[in-house]
Amino acid sequence: MSSDPQEITPDQFGIEDASFRAAGGESGLRRLVADFYEIMSTAPRARRLYAMHRDDLEVATDKLARFLCGWLGGPSQYREKYGPIRLPMAHAHLPVTGEDRDTWLWCMEQALERQPYTESFRRYLLRALSIPSERIVAVCEHMRGAGQGRSA
Ligand code: HEM
């Protein structure tokens, strides 16, 4: 197997730890997430999404980077530090709308542009992330409908 992330071919994405390696492993994912939050904290269009976060962005950054490690087939770093997680439910208390989802994915797209990834991996990752994002919106809308969410 190749150790050069650039040499991992699209047919390998999603198999074992190929996506984790294509993302540059733990250090690559930490750079991606740092860029993601830097963009979210400065882009005017992300103001509402950014305001949903707690003051301590360091924790949010650590959690997302660790989650993505395991999600992309690498070590289960989130679980090791924070315990088990059900991703949509972890967002259920938030007032997430379809517009917030689009903004989240836009921040990620901008962050992906800054990484030394292949274009096919960027596209693959963005498409893959859109799937849990849909679930998150559905759960948050359901919770709001049930009157259990925080009002926006
Ligand atoms: C619909 C798009 C999304 C929105 C609007 C959103 C928003 C948020 C917000 C506001 C938080 C709370 C951060 C804090 O407490 O400071 C959070 C936490 C988190 N998000 Fe998302 N997120 C989205 C999609 C995703 C996706 C696609 C993933 C991973 C594939 C993800 C992974 C996480 C993780 C791991 C946490 C920490 C959960 C915890 O430990 O409580 N999010 N998200």
# chains A, B, ... in the order shown; residues from 1 in each chain; ligands from 1
call {"tool": "residues_around", "arguments": {"residues": "Glu58 (chain A)", "least_positions_apart": "3", "cutoff": "12 Å", "atoms": "only C-alpha atoms", "output": "ChimeraX atom specification"}}
result
/A:30,33-34,37-38,53-55,61-65
call {"tool": "residues_near_ligand", "arguments": {"ligand": "ligand 1", "cutoff": "9 Å", "atoms": "only C-alpha atoms and all ligand atoms", "output": "ChimeraX atom specification"}}
result
/A:49-68,71,78,82-83,85-91,94-105,128-137
call {"tool": "residues_around", "arguments": {"residues": "Arg123 (chain A)", "least_positions_apart": "3", "cutoff": "12 Å", "atoms": "only C-alpha atoms", "output": "PyMOL selection string"}}
result
chain A and resi 10+13+105+108-110+112-113+117-120+126-130
call {"tool": "write_last_selection", "arguments": {"atoms": "N, CA and C atoms", "output": "short mmCIF file (atom, residue, chain, number, x, y, z; two decimals), in the first residue's frame"}}
result
data_model
loop_
_atom_site.label_atom_id
_atom_site.label_comp_id
_atom_site.auth_asym_id
_atom_site.auth_seq_id
_atom_site.Cartn_x
_atom_site.Cartn_y
_atom_site.Cartn_z
N PRO A 10 -8.95 7.00 -6.34
CA PRO A 10 -10.35 7.13 -5.95
C PRO A 10 -11.04 5.80 -5.65
N PHE A 13 -10.85 5.01 -1.93
CA PHE A 13 -11.50 5.83 -0.90
C PHE A 13 -12.60 5.03 -0.22
N LEU A 105 -20.97 23.04 5.14
CA LEU A 105 -20.30 22.38 4.01
C LEU A 105 -19.48 23.39 3.19
N MET A 108 -16.28 23.85 4.94
CA MET A 108 -15.43 22.67 4.72
C MET A 108 -14.84 22.69 3.31
N GLU A 109 -15.63 23.11 2.34
CA GLU A 109 -15.14 23.18 0.96
C GLU A 109 -13.96 24.17 0.87
N GLN A 110 -14.11 25.32 1.55
CA GLN A 110 -13.03 26.31 1.54
C GLN A 110 -11.77 25.73 2.21
N LEU A 112 -10.98 22.58 2.51
CA LEU A 112 -10.41 21.52 1.65
C LEU A 112 -9.53 22.11 0.56
N GLU A 113 -9.94 23.27 0.05
CA GLU A 113 -9.16 23.94 -1.01
C GLU A 113 -7.74 24.25 -0.55
N TYR A 117 -4.53 18.10 -1.05
CA TYR A 117 -5.23 16.86 -1.44
C TYR A 117 -5.42 16.83 -2.95
N THR A 118 -5.69 15.63 -3.45
CA THR A 118 -6.06 15.54 -4.87
C THR A 118 -7.49 16.08 -5.00
N GLU A 119 -7.82 16.53 -6.21
CA GLU A 119 -9.16 17.07 -6.46
C GLU A 119 -10.21 15.97 -6.23
N SER A 120 -9.88 14.74 -6.62
CA SER A 120 -10.87 13.66 -6.45
C SER A 120 -11.11 13.38 -4.98
N LEU A 126 -16.15 15.87 0.51
CA LEU A 126 -17.27 16.81 0.63
C LEU A 126 -18.60 16.07 0.44
N ARG A 127 -18.63 15.17 -0.55
CA ARG A 127 -19.86 14.41 -0.80
C ARG A 127 -20.15 13.50 0.40
N ALA A 128 -19.10 12.86 0.93
CA ALA A 128 -19.28 11.96 2.07
C ALA A 128 -19.82 12.73 3.28
N LEU A 129 -19.30 13.93 3.50
CA LEU A 129 -19.72 14.73 4.67
C LEU A 129 -21.16 15.24 4.54
N SER A 130 -21.63 15.35 3.29
CA SER A 130 -22.99 15.85 3.11
C SER A 130 -24.02 14.85 3.64
#
call {"tool": "closest_residue", "arguments": {"among": "A:Ala22, A:Leu29, A:Ile15, A:Gly70", "to": "Pro84 (chain A)", "atoms": "only C-alpha atoms"}}
result
A:Gly70
call {"tool": "select_by_dssp", "arguments": {"residues": "chain A", "states": "alpha helix (DSSP H)", "output": "PDB file with N, CA and C atoms, in the first residue's frame"}}
result
ATOM      1  N   ALA A  18      -7.847   3.966   3.809  1.00  0.00           N
ATOM      2  CA  ALA A  18      -7.350   4.733   2.647  1.00  0.00           C
ATOM      3  C   ALA A  18      -7.738   6.218   2.730  1.00  0.00           C
ATOM      4  N   SER A  19      -8.962   6.509   3.173  1.00  0.00           N
ATOM      5  CA  SER A  19      -9.394   7.918   3.232  1.00  0.00           C
ATOM      6  C   SER A  19      -8.636   8.663   4.329  1.00  0.00           C
ATOM      7  N   PHE A  20      -8.410   7.975   5.443  1.00  0.00           N
ATOM      8  CA  PHE A  20      -7.631   8.573   6.538  1.00  0.00           C
ATOM      9  C   PHE A  20      -6.229   8.921   6.025  1.00  0.00           C
ATOM     10  N   ARG A  21      -5.638   8.019   5.264  1.00  0.00           N
ATOM     11  CA  ARG A  21      -4.296   8.282   4.732  1.00  0.00           C
ATOM     12  C   ARG A  21      -4.325   9.376   3.668  1.00  0.00           C
ATOM     13  N   ALA A  22      -5.366   9.361   2.830  1.00  0.00           N
ATOM     14  CA  ALA A  22      -5.477  10.404   1.788  1.00  0.00           C
ATOM     15  C   ALA A  22      -5.642  11.790   2.416  1.00  0.00           C
ATOM     16  N   GLY A  25      -3.547  11.634   7.372  1.00  0.00           N
ATOM     17  CA  GLY A  25      -3.500  11.078   8.724  1.00  0.00           C
ATOM     18  C   GLY A  25      -3.935  12.112   9.760  1.00  0.00           C
ATOM     19  N   GLU A  26      -3.550  11.864  10.996  1.00  0.00           N
ATOM     20  CA  GLU A  26      -3.995  12.739  12.091  1.00  0.00           C
ATOM     21  C   GLU A  26      -3.540  14.188  11.879  1.00  0.00           C
ATOM     22  N   SER A  27      -2.281  14.370  11.474  1.00  0.00           N
ATOM     23  CA  SER A  27      -1.792  15.760  11.344  1.00  0.00           C
ATOM     24  C   SER A  27      -2.496  16.467  10.192  1.00  0.00           C
ATOM     25  N   GLY A  28      -2.780  15.736   9.107  1.00  0.00           N
ATOM     26  CA  GLY A  28      -3.509  16.335   7.985  1.00  0.00           C
ATOM     27  C   GLY A  28      -4.913  16.749   8.403  1.00  0.00           C
ATOM     28  N   LEU A  29      -5.569  15.900   9.193  1.00  0.00           N
ATOM     29  CA  LEU A  29      -6.936  16.213   9.622  1.00  0.00           C
ATOM     30  C   LEU A  29      -6.944  17.368  10.617  1.00  0.00           C
ATOM     31  N   ARG A  30      -5.911  17.451  11.437  1.00  0.00           N
ATOM     32  CA  ARG A  30      -5.832  18.579  12.386  1.00  0.00           C
ATOM     33  C   ARG A  30      -5.663  19.903  11.614  1.00  0.00           C
ATOM     34  N   ARG A  31      -4.888  19.865  10.534  1.00  0.00           N
ATOM     35  CA  ARG A  31      -4.733  21.080   9.715  1.00  0.00           C
ATOM     36  C   ARG A  31      -6.053  21.438   9.035  1.00  0.00           C
ATOM     37  N   LEU A  32      -6.723  20.417   8.504  1.00  0.00           N
ATOM     38  CA  LEU A  32      -8.014  20.652   7.838  1.00  0.00           C
ATOM     39  C   LEU A  32      -9.009  21.297   8.810  1.00  0.00           C
ATOM     40  N   VAL A  33      -9.110  20.741  10.008  1.00  0.00           N
ATOM     41  CA  VAL A  33     -10.104  21.240  10.967  1.00  0.00           C
ATOM     42  C   VAL A  33      -9.708  22.628  11.490  1.00  0.00           C
ATOM     43  N   ALA A  34      -8.416  22.872  11.662  1.00  0.00           N
ATOM     44  CA  ALA A  34      -7.972  24.212  12.085  1.00  0.00           C
ATOM     45  C   ALA A  34      -8.367  25.239  11.026  1.00  0.00           C
ATOM     46  N   ASP A  35      -8.169  24.906   9.748  1.00  0.00           N
ATOM     47  CA  ASP A  35      -8.552  25.815   8.661  1.00  0.00           C
ATOM     48  C   ASP A  35     -10.070  25.993   8.617  1.00  0.00           C
ATOM     49  N   PHE A  36     -10.783  24.884   8.814  1.00  0.00           N
ATOM     50  CA  PHE A  36     -12.253  24.911   8.810  1.00  0.00           C
ATOM     51  C   PHE A  36     -12.759  25.914   9.850  1.00  0.00           C
ATOM     52  N   TYR A  37     -12.234  25.835  11.077  1.00  0.00           N
ATOM     53  CA  TYR A  37     -12.717  26.738  12.129  1.00  0.00           C
ATOM     54  C   TYR A  37     -12.190  28.163  11.944  1.00  0.00           C
ATOM     55  N   GLU A  38     -11.043  28.285  11.326  1.00  0.00           N
ATOM     56  CA  GLU A  38     -10.532  29.639  11.061  1.00  0.00           C
ATOM     57  C   GLU A  38     -11.475  30.342  10.061  1.00  0.00           C
ATOM     58  N   ILE A  39     -11.895  29.591   9.052  1.00  0.00           N
ATOM     59  CA  ILE A  39     -12.809  30.134   8.044  1.00  0.00           C
ATOM     60  C   ILE A  39     -14.163  30.445   8.691  1.00  0.00           C
ATOM     61  N   MET A  40     -14.667  29.477   9.482  1.00  0.00           N
ATOM     62  CA  MET A  40     -15.976  29.687  10.110  1.00  0.00           C
ATOM     63  C   MET A  40     -15.976  30.907  11.040  1.00  0.00           C
ATOM     64  N   SER A  41     -14.867  31.131  11.707  1.00  0.00           N
ATOM     65  CA  SER A  41     -14.838  32.223  12.688  1.00  0.00           C
ATOM     66  C   SER A  41     -14.645  33.598  12.043  1.00  0.00           C
ATOM     67  N   THR A  42     -14.310  33.629  10.754  1.00  0.00           N
ATOM     68  CA  THR A  42     -14.066  34.924  10.120  1.00  0.00           C
ATOM     69  C   THR A  42     -15.045  35.244   8.976  1.00  0.00           C
ATOM     70  N   ARG A  47     -21.579  33.579  10.367  1.00  0.00           N
ATOM     71  CA  ARG A  47     -21.738  34.181  11.703  1.00  0.00           C
ATOM     72  C   ARG A  47     -22.720  33.398  12.580  1.00  0.00           C
ATOM     73  N   ARG A  48     -23.858  33.027  11.976  1.00  0.00           N
ATOM     74  CA  ARG A  48     -24.880  32.314  12.766  1.00  0.00           C
ATOM     75  C   ARG A  48     -24.362  30.942  13.222  1.00  0.00           C
ATOM     76  N   LEU A  49     -23.714  30.226  12.293  1.00  0.00           N
ATOM     77  CA  LEU A  49     -23.177  28.899  12.615  1.00  0.00           C
ATOM     78  C   LEU A  49     -22.088  29.001  13.690  1.00  0.00           C
ATOM     79  N   TYR A  50     -21.235  29.976  13.537  1.00  0.00           N
ATOM     80  CA  TYR A  50     -20.151  30.180  14.506  1.00  0.00           C
ATOM     81  C   TYR A  50     -20.724  30.474  15.896  1.00  0.00           C
ATOM     82  N   ALA A  51     -21.814  31.254  15.918  1.00  0.00           N
ATOM     83  CA  ALA A  51     -22.421  31.636  17.200  1.00  0.00           C
ATOM     84  C   ALA A  51     -23.035  30.443  17.936  1.00  0.00           C
ATOM     85  N   LEU A  57     -13.300  27.046  21.361  1.00  0.00           N
ATOM     86  CA  LEU A  57     -13.164  26.435  20.031  1.00  0.00           C
ATOM     87  C   LEU A  57     -12.113  25.340  20.018  1.00  0.00           C
ATOM     88  N   GLU A  58     -11.199  25.414  20.982  1.00  0.00           N
ATOM     89  CA  GLU A  58     -10.131  24.405  21.043  1.00  0.00           C
ATOM     90  C   GLU A  58     -10.725  23.009  21.212  1.00  0.00           C
ATOM     91  N   VAL A  59     -11.756  22.937  22.054  1.00  0.00           N
ATOM     92  CA  VAL A  59     -12.398  21.637  22.295  1.00  0.00           C
ATOM     93  C   VAL A  59     -13.146  21.199  21.034  1.00  0.00           C
ATOM     94  N   ALA A  60     -13.892  22.112  20.403  1.00  0.00           N
ATOM     95  CA  ALA A  60     -14.633  21.769  19.188  1.00  0.00           C
ATOM     96  C   ALA A  60     -13.662  21.295  18.098  1.00  0.00           C
ATOM     97  N   THR A  61     -12.516  21.955  18.014  1.00  0.00           N
ATOM     98  CA  THR A  61     -11.504  21.593  17.013  1.00  0.00           C
ATOM     99  C   THR A  61     -10.951  20.200  17.298  1.00  0.00           C
ATOM    100  N   ASP A  62     -10.635  19.960  18.558  1.00  0.00           N
ATOM    101  CA  ASP A  62     -10.096  18.649  18.946  1.00  0.00           C
ATOM    102  C   ASP A  62     -11.119  17.546  18.679  1.00  0.00           C
ATOM    103  N   LYS A  63     -12.395  17.825  19.011  1.00  0.00           N
ATOM    104  CA  LYS A  63     -13.435  16.800  18.832  1.00  0.00           C
ATOM    105  C   LYS A  63     -13.644  16.460  17.364  1.00  0.00           C
ATOM    106  N   LEU A  64     -13.724  17.486  16.509  1.00  0.00           N
ATOM    107  CA  LEU A  64     -13.986  17.224  15.092  1.00  0.00           C
ATOM    108  C   LEU A  64     -12.797  16.493  14.452  1.00  0.00           C
ATOM    109  N   ALA A  65     -11.578  16.918  14.785  1.00  0.00           N
ATOM    110  CA  ALA A  65     -10.392  16.253  14.206  1.00  0.00           C
ATOM    111  C   ALA A  65     -10.345  14.788  14.636  1.00  0.00           C
ATOM    112  N   ARG A  66     -10.588  14.542  15.921  1.00  0.00           N
ATOM    113  CA  ARG A  66     -10.557  13.169  16.416  1.00  0.00           C
ATOM    114  C   ARG A  66     -11.677  12.332  15.806  1.00  0.00           C
ATOM    115  N   PHE A  67     -12.866  12.947  15.673  1.00  0.00           N
ATOM    116  CA  PHE A  67     -13.982  12.209  15.092  1.00  0.00           C
ATOM    117  C   PHE A  67     -13.647  11.804  13.649  1.00  0.00           C
ATOM    118  N   LEU A  68     -13.116  12.750  12.892  1.00  0.00           N
ATOM    119  CA  LEU A  68     -12.839  12.467  11.472  1.00  0.00           C
ATOM    120  C   LEU A  68     -11.785  11.371  11.315  1.00  0.00           C
ATOM    121  N   CYS A  69     -10.827  11.280  12.236  1.00  0.00           N
ATOM    122  CA  CYS A  69      -9.825  10.199  12.182  1.00  0.00           C
ATOM    123  C   CYS A  69     -10.526   8.843  12.109  1.00  0.00           C
ATOM    124  N   GLY A  70     -11.419   8.593  13.052  1.00  0.00           N
ATOM    125  CA  GLY A  70     -12.102   7.299  13.097  1.00  0.00           C
ATOM    126  C   GLY A  70     -13.083   7.137  11.948  1.00  0.00           C
ATOM    127  N   TRP A  71     -13.778   8.225  11.631  1.00  0.00           N
ATOM    128  CA  TRP A  71     -14.805   8.183  10.586  1.00  0.00           C
ATOM    129  C   TRP A  71     -14.194   7.844   9.227  1.00  0.00           C
ATOM    130  N   GLN A  77     -10.033   7.941  17.706  1.00  0.00           N
ATOM    131  CA  GLN A  77      -9.503   8.905  18.661  1.00  0.00           C
ATOM    132  C   GLN A  77     -10.568   9.655  19.451  1.00  0.00           C
ATOM    133  N   TYR A  78     -11.715   9.867  18.852  1.00  0.00           N
ATOM    134  CA  TYR A  78     -12.783  10.561  19.595  1.00  0.00           C
ATOM    135  C   TYR A  78     -13.195   9.702  20.785  1.00  0.00           C
ATOM    136  N   ARG A  79     -13.506   8.442  20.490  1.00  0.00           N
ATOM    137  CA  ARG A  79     -13.962   7.523  21.532  1.00  0.00           C
ATOM    138  C   ARG A  79     -12.923   7.392  22.644  1.00  0.00           C
ATOM    139  N   GLU A  80     -11.654   7.339  22.254  1.00  0.00           N
ATOM    140  CA  GLU A  80     -10.586   7.182  23.259  1.00  0.00           C
ATOM    141  C   GLU A  80     -10.615   8.300  24.289  1.00  0.00           C
ATOM    142  N   LYS A  81     -10.911   9.522  23.845  1.00  0.00           N
ATOM    143  CA  LYS A  81     -10.865  10.651  24.775  1.00  0.00           C
ATOM    144  C   LYS A  81     -12.236  11.039  25.325  1.00  0.00           C
ATOM    145  N   TYR A  82     -13.257  10.988  24.457  1.00  0.00           N
ATOM    146  CA  TYR A  82     -14.566  11.529  24.853  1.00  0.00           C
ATOM    147  C   TYR A  82     -15.649  10.462  25.021  1.00  0.00           C
ATOM    148  N   LEU A  87     -23.548  10.662  16.104  1.00  0.00           N
ATOM    149  CA  LEU A  87     -23.325  11.991  15.526  1.00  0.00           C
ATOM    150  C   LEU A  87     -24.576  12.866  15.398  1.00  0.00           C
ATOM    151  N   PRO A  88     -25.664  12.363  14.769  1.00  0.00           N
ATOM    152  CA  PRO A  88     -26.823  13.264  14.655  1.00  0.00           C
ATOM    153  C   PRO A  88     -27.336  13.681  16.034  1.00  0.00           C
ATOM    154  N   MET A  89     -27.411  12.719  16.968  1.00  0.00           N
ATOM    155  CA  MET A  89     -27.940  13.039  18.295  1.00  0.00           C
ATOM    156  C   MET A  89     -27.046  14.036  19.041  1.00  0.00           C
ATOM    157  N   ALA A  90     -25.765  14.015  18.746  1.00  0.00           N
ATOM    158  CA  ALA A  90     -24.852  14.959  19.413  1.00  0.00           C
ATOM    159  C   ALA A  90     -25.161  16.400  19.005  1.00  0.00           C
ATOM    160  N   GLY A  98     -31.334  23.829   7.241  1.00  0.00           N
ATOM    161  CA  GLY A  98     -30.706  23.489   5.968  1.00  0.00           C
ATOM    162  C   GLY A  98     -29.674  24.543   5.556  1.00  0.00           C
ATOM    163  N   GLU A  99     -29.938  25.787   5.916  1.00  0.00           N
ATOM    164  CA  GLU A  99     -28.993  26.850   5.576  1.00  0.00           C
ATOM    165  C   GLU A  99     -27.685  26.698   6.371  1.00  0.00           C
ATOM    166  N   ASP A 100     -27.812  26.303   7.631  1.00  0.00           N
ATOM    167  CA  ASP A 100     -26.610  26.067   8.452  1.00  0.00           C
ATOM    168  C   ASP A 100     -25.785  24.910   7.870  1.00  0.00           C
ATOM    169  N   ARG A 101     -26.504  23.866   7.415  1.00  0.00           N
ATOM    170  CA  ARG A 101     -25.813  22.735   6.770  1.00  0.00           C
ATOM    171  C   ARG A 101     -25.014  23.225   5.557  1.00  0.00           C
ATOM    172  N   ASP A 102     -25.669  24.043   4.716  1.00  0.00           N
ATOM    173  CA  ASP A 102     -24.975  24.548   3.524  1.00  0.00           C
ATOM    174  C   ASP A 102     -23.759  25.374   3.924  1.00  0.00           C
ATOM    175  N   THR A 103     -23.890  26.159   4.989  1.00  0.00           N
ATOM    176  CA  THR A 103     -22.767  26.988   5.441  1.00  0.00           C
ATOM    177  C   THR A 103     -21.635  26.112   5.980  1.00  0.00           C
ATOM    178  N   TRP A 104     -22.025  25.077   6.755  1.00  0.00           N
ATOM    179  CA  TRP A 104     -21.024  24.144   7.306  1.00  0.00           C
ATOM    180  C   TRP A 104     -20.229  23.511   6.150  1.00  0.00           C
ATOM    181  N   LEU A 105     -20.969  23.040   5.143  1.00  0.00           N
ATOM    182  CA  LEU A 105     -20.299  22.378   4.007  1.00  0.00           C
ATOM    183  C   LEU A 105     -19.484  23.387   3.194  1.00  0.00           C
ATOM    184  N   TRP A 106     -19.946  24.615   3.117  1.00  0.00           N
ATOM    185  CA  TRP A 106     -19.184  25.663   2.413  1.00  0.00           C
ATOM    186  C   TRP A 106     -17.846  25.916   3.134  1.00  0.00           C
ATOM    187  N   CYS A 107     -17.895  26.022   4.466  1.00  0.00           N
ATOM    188  CA  CYS A 107     -16.644  26.221   5.240  1.00  0.00           C
ATOM    189  C   CYS A 107     -15.696  25.055   4.985  1.00  0.00           C
ATOM    190  N   MET A 108     -16.276  23.850   4.944  1.00  0.00           N
ATOM    191  CA  MET A 108     -15.425  22.672   4.720  1.00  0.00           C
ATOM    192  C   MET A 108     -14.838  22.689   3.308  1.00  0.00           C
ATOM    193  N   GLU A 109     -15.633  23.110   2.342  1.00  0.00           N
ATOM    194  CA  GLU A 109     -15.139  23.184   0.961  1.00  0.00           C
ATOM    195  C   GLU A 109     -13.961  24.167   0.870  1.00  0.00           C
ATOM    196  N   GLN A 110     -14.110  25.315   1.546  1.00  0.00           N
ATOM    197  CA  GLN A 110     -13.026  26.306   1.539  1.00  0.00           C
ATOM    198  C   GLN A 110     -11.773  25.728   2.214  1.00  0.00           C
ATOM    199  N   ALA A 111     -11.987  25.028   3.331  1.00  0.00           N
ATOM    200  CA  ALA A 111     -10.851  24.447   4.059  1.00  0.00           C
ATOM    201  C   ALA A 111     -10.174  23.368   3.218  1.00  0.00           C
ATOM    202  N   LEU A 112     -10.976  22.582   2.506  1.00  0.00           N
ATOM    203  CA  LEU A 112     -10.412  21.522   1.651  1.00  0.00           C
ATOM    204  C   LEU A 112      -9.526  22.108   0.558  1.00  0.00           C
ATOM    205  N   GLU A 113      -9.943  23.266   0.047  1.00  0.00           N
ATOM    206  CA  GLU A 113      -9.163  23.937  -1.005  1.00  0.00           C
ATOM    207  C   GLU A 113      -7.738  24.250  -0.547  1.00  0.00           C
ATOM    208  N   GLU A 119      -7.820  16.534  -6.213  1.00  0.00           N
ATOM    209  CA  GLU A 119      -9.163  17.070  -6.456  1.00  0.00           C
ATOM    210  C   GLU A 119     -10.209  15.968  -6.233  1.00  0.00           C
ATOM    211  N   SER A 120      -9.882  14.736  -6.617  1.00  0.00           N
ATOM    212  CA  SER A 120     -10.868  13.664  -6.449  1.00  0.00           C
ATOM    213  C   SER A 120     -11.113  13.376  -4.976  1.00  0.00           C
ATOM    214  N   PHE A 121     -10.093  13.504  -4.125  1.00  0.00           N
ATOM    215  CA  PHE A 121     -10.321  13.272  -2.699  1.00  0.00           C
ATOM    216  C   PHE A 121     -11.144  14.416  -2.093  1.00  0.00           C
ATOM    217  N   ARG A 122     -10.870  15.636  -2.512  1.00  0.00           N
ATOM    218  CA  ARG A 122     -11.676  16.773  -2.029  1.00  0.00           C
ATOM    219  C   ARG A 122     -13.155  16.544  -2.329  1.00  0.00           C
ATOM    220  N   ARG A 123     -13.422  16.160  -3.576  1.00  0.00           N
ATOM    221  CA  ARG A 123     -14.821  15.948  -3.985  1.00  0.00           C
ATOM    222  C   ARG A 123     -15.433  14.795  -3.203  1.00  0.00           C
ATOM    223  N   TYR A 124     -14.659  13.718  -3.059  1.00  0.00           N
ATOM    224  CA  TYR A 124     -15.150  12.541  -2.326  1.00  0.00           C
ATOM    225  C   TYR A 124     -15.516  12.915  -0.887  1.00  0.00           C
ATOM    226  N   LEU A 125     -14.619  13.637  -0.223  1.00  0.00           N
ATOM    227  CA  LEU A 125     -14.820  13.953   1.188  1.00  0.00           C
ATOM    228  C   LEU A 125     -16.019  14.885   1.380  1.00  0.00           C
ATOM    229  N   LEU A 126     -16.146  15.872   0.512  1.00  0.00           N
ATOM    230  CA  LEU A 126     -17.265  16.810   0.633  1.00  0.00           C
ATOM    231  C   LEU A 126     -18.596  16.073   0.441  1.00  0.00           C
ATOM    232  N   ARG A 127     -18.627  15.171  -0.548  1.00  0.00           N
ATOM    233  CA  ARG A 127     -19.857  14.405  -0.803  1.00  0.00           C
ATOM    234  C   ARG A 127     -20.146  13.496   0.399  1.00  0.00           C
ATOM    235  N   ALA A 128     -19.099  12.859   0.925  1.00  0.00           N
ATOM    236  CA  ALA A 128     -19.283  11.958   2.067  1.00  0.00           C
ATOM    237  C   ALA A 128     -19.819  12.732   3.278  1.00  0.00           C
ATOM    238  N   LEU A 129     -19.303  13.935   3.504  1.00  0.00           N
ATOM    239  CA  LEU A 129     -19.724  14.730   4.666  1.00  0.00           C
ATOM    240  C   LEU A 129     -21.155  15.244   4.536  1.00  0.00           C
ATOM    241  N   SER A 130     -21.630  15.349   3.291  1.00  0.00           N
ATOM    242  CA  SER A 130     -22.994  15.854   3.109  1.00  0.00           C
ATOM    243  C   SER A 130     -24.024  14.847   3.641  1.00  0.00           C
ATOM    244  N   ILE A 131     -23.639  13.575   3.736  1.00  0.00           N
ATOM    245  CA  ILE A 131     -24.606  12.543   4.175  1.00  0.00           C
ATOM    246  C   ILE A 131     -24.936  12.691   5.672  1.00  0.00           C
ATOM    247  N   PRO A 132     -23.931  12.671   6.578  1.00  0.00           N
ATOM    248  CA  PRO A 132     -24.289  12.918   7.993  1.00  0.00           C
ATOM    249  C   PRO A 132     -24.877  14.312   8.209  1.00  0.00           C
ATOM    250  N   SER A 133     -24.486  15.276   7.376  1.00  0.00           N
ATOM    251  CA  SER A 133     -25.036  16.627   7.532  1.00  0.00           C
ATOM    252  C   SER A 133     -26.550  16.631   7.330  1.00  0.00           C
ATOM    253  N   GLU A 134     -27.005  15.844   6.335  1.00  0.00           N
ATOM    254  CA  GLU A 134     -28.454  15.714   6.101  1.00  0.00           C
ATOM    255  C   GLU A 134     -29.146  15.138   7.330  1.00  0.00           C
ATOM    256  N   ARG A 135     -28.535  14.110   7.908  1.00  0.00           N
ATOM    257  CA  ARG A 135     -29.119  13.437   9.079  1.00  0.00           C
ATOM    258  C   ARG A 135     -29.203  14.410  10.253  1.00  0.00           C
ATOM    259  N   ILE A 136     -28.166  15.233  10.371  1.00  0.00           N
ATOM    260  CA  ILE A 136     -28.128  16.199  11.480  1.00  0.00           C
ATOM    261  C   ILE A 136     -29.291  17.182  11.350  1.00  0.00           C
ATOM    262  N   VAL A 137     -29.501  17.704  10.138  1.00  0.00           N
ATOM    263  CA  VAL A 137     -30.609  18.642   9.927  1.00  0.00           C
ATOM    264  C   VAL A 137     -31.939  17.949  10.249  1.00  0.00           C
ATOM    265  N   ALA A 138     -32.090  16.706   9.773  1.00  0.00           N
ATOM    266  CA  ALA A 138     -33.353  15.984   9.988  1.00  0.00           C
ATOM    267  C   ALA A 138     -33.615  15.813  11.488  1.00  0.00           C
ATOM    268  N   VAL A 139     -32.574  15.429  12.242  1.00  0.00           N
ATOM    269  CA  VAL A 139     -32.751  15.221  13.683  1.00  0.00           C
ATOM    270  C   VAL A 139     -33.062  16.547  14.382  1.00  0.00           C
ATOM    271  N   CYS A 140     -32.351  17.601  14.006  1.00  0.00           N
ATOM    272  CA  CYS A 140     -32.567  18.899  14.657  1.00  0.00           C
ATOM    273  C   CYS A 140     -33.969  19.423  14.350  1.00  0.00           C
ATOM    274  N   GLU A 141     -34.418  19.238  13.093  1.00  0.00           N
ATOM    275  CA  GLU A 141     -35.767  19.702  12.734  1.00  0.00           C
ATOM    276  C   GLU A 141     -36.814  18.887  13.481  1.00  0.00           C
ATOM    277  N   HIS A 142     -36.552  17.598  13.600  1.00  0.00           N
ATOM    278  CA  HIS A 142     -37.475  16.727  14.327  1.00  0.00           C
ATOM    279  C   HIS A 142     -37.584  17.173  15.787  1.00  0.00           C
ATOM    280  N   MET A 143     -36.442  17.472  16.384  1.00  0.00           N
ATOM    281  CA  MET A 143     -36.446  17.893  17.791  1.00  0.00           C
ATOM    282  C   MET A 143     -37.191  19.222  17.957  1.00  0.00           C
ATOM    283  N   ARG A 144     -37.000  20.105  16.975  1.00  0.00           N
ATOM    284  CA  ARG A 144     -37.715  21.392  17.059  1.00  0.00           C
ATOM    285  C   ARG A 144     -39.219  21.158  16.945  1.00  0.00           C
ATOM    286  N   GLY A 145     -39.579  20.247  16.005  1.00  0.00           N
ATOM    287  CA  GLY A 145     -40.995  19.913  15.820  1.00  0.00           C
ATOM    288  C   GLY A 145     -41.578  19.333  17.092  1.00  0.00           C
TER     289      GLY A 145
END
call {"tool": "closest_residue", "arguments": {"among": "A:Gln6, A:His93, A:Ala46, A:Gln12", "to": "Pro116 (chain A)", "atoms": "only C-alpha atoms"}}
result
A:Gln6
call {"tool": "atom_distance", "arguments": {"atom1": "CA of Glu16 (chain A)", "atom2": "CA of Gln115 (chain A)"}}
result
21.7 Å
call {"tool": "atom_distance", "arguments": {"atom1": "CA of Thr9 (chain A)", "atom2": "CA of Ser76 (chain A)"}}
result
23.5 Å
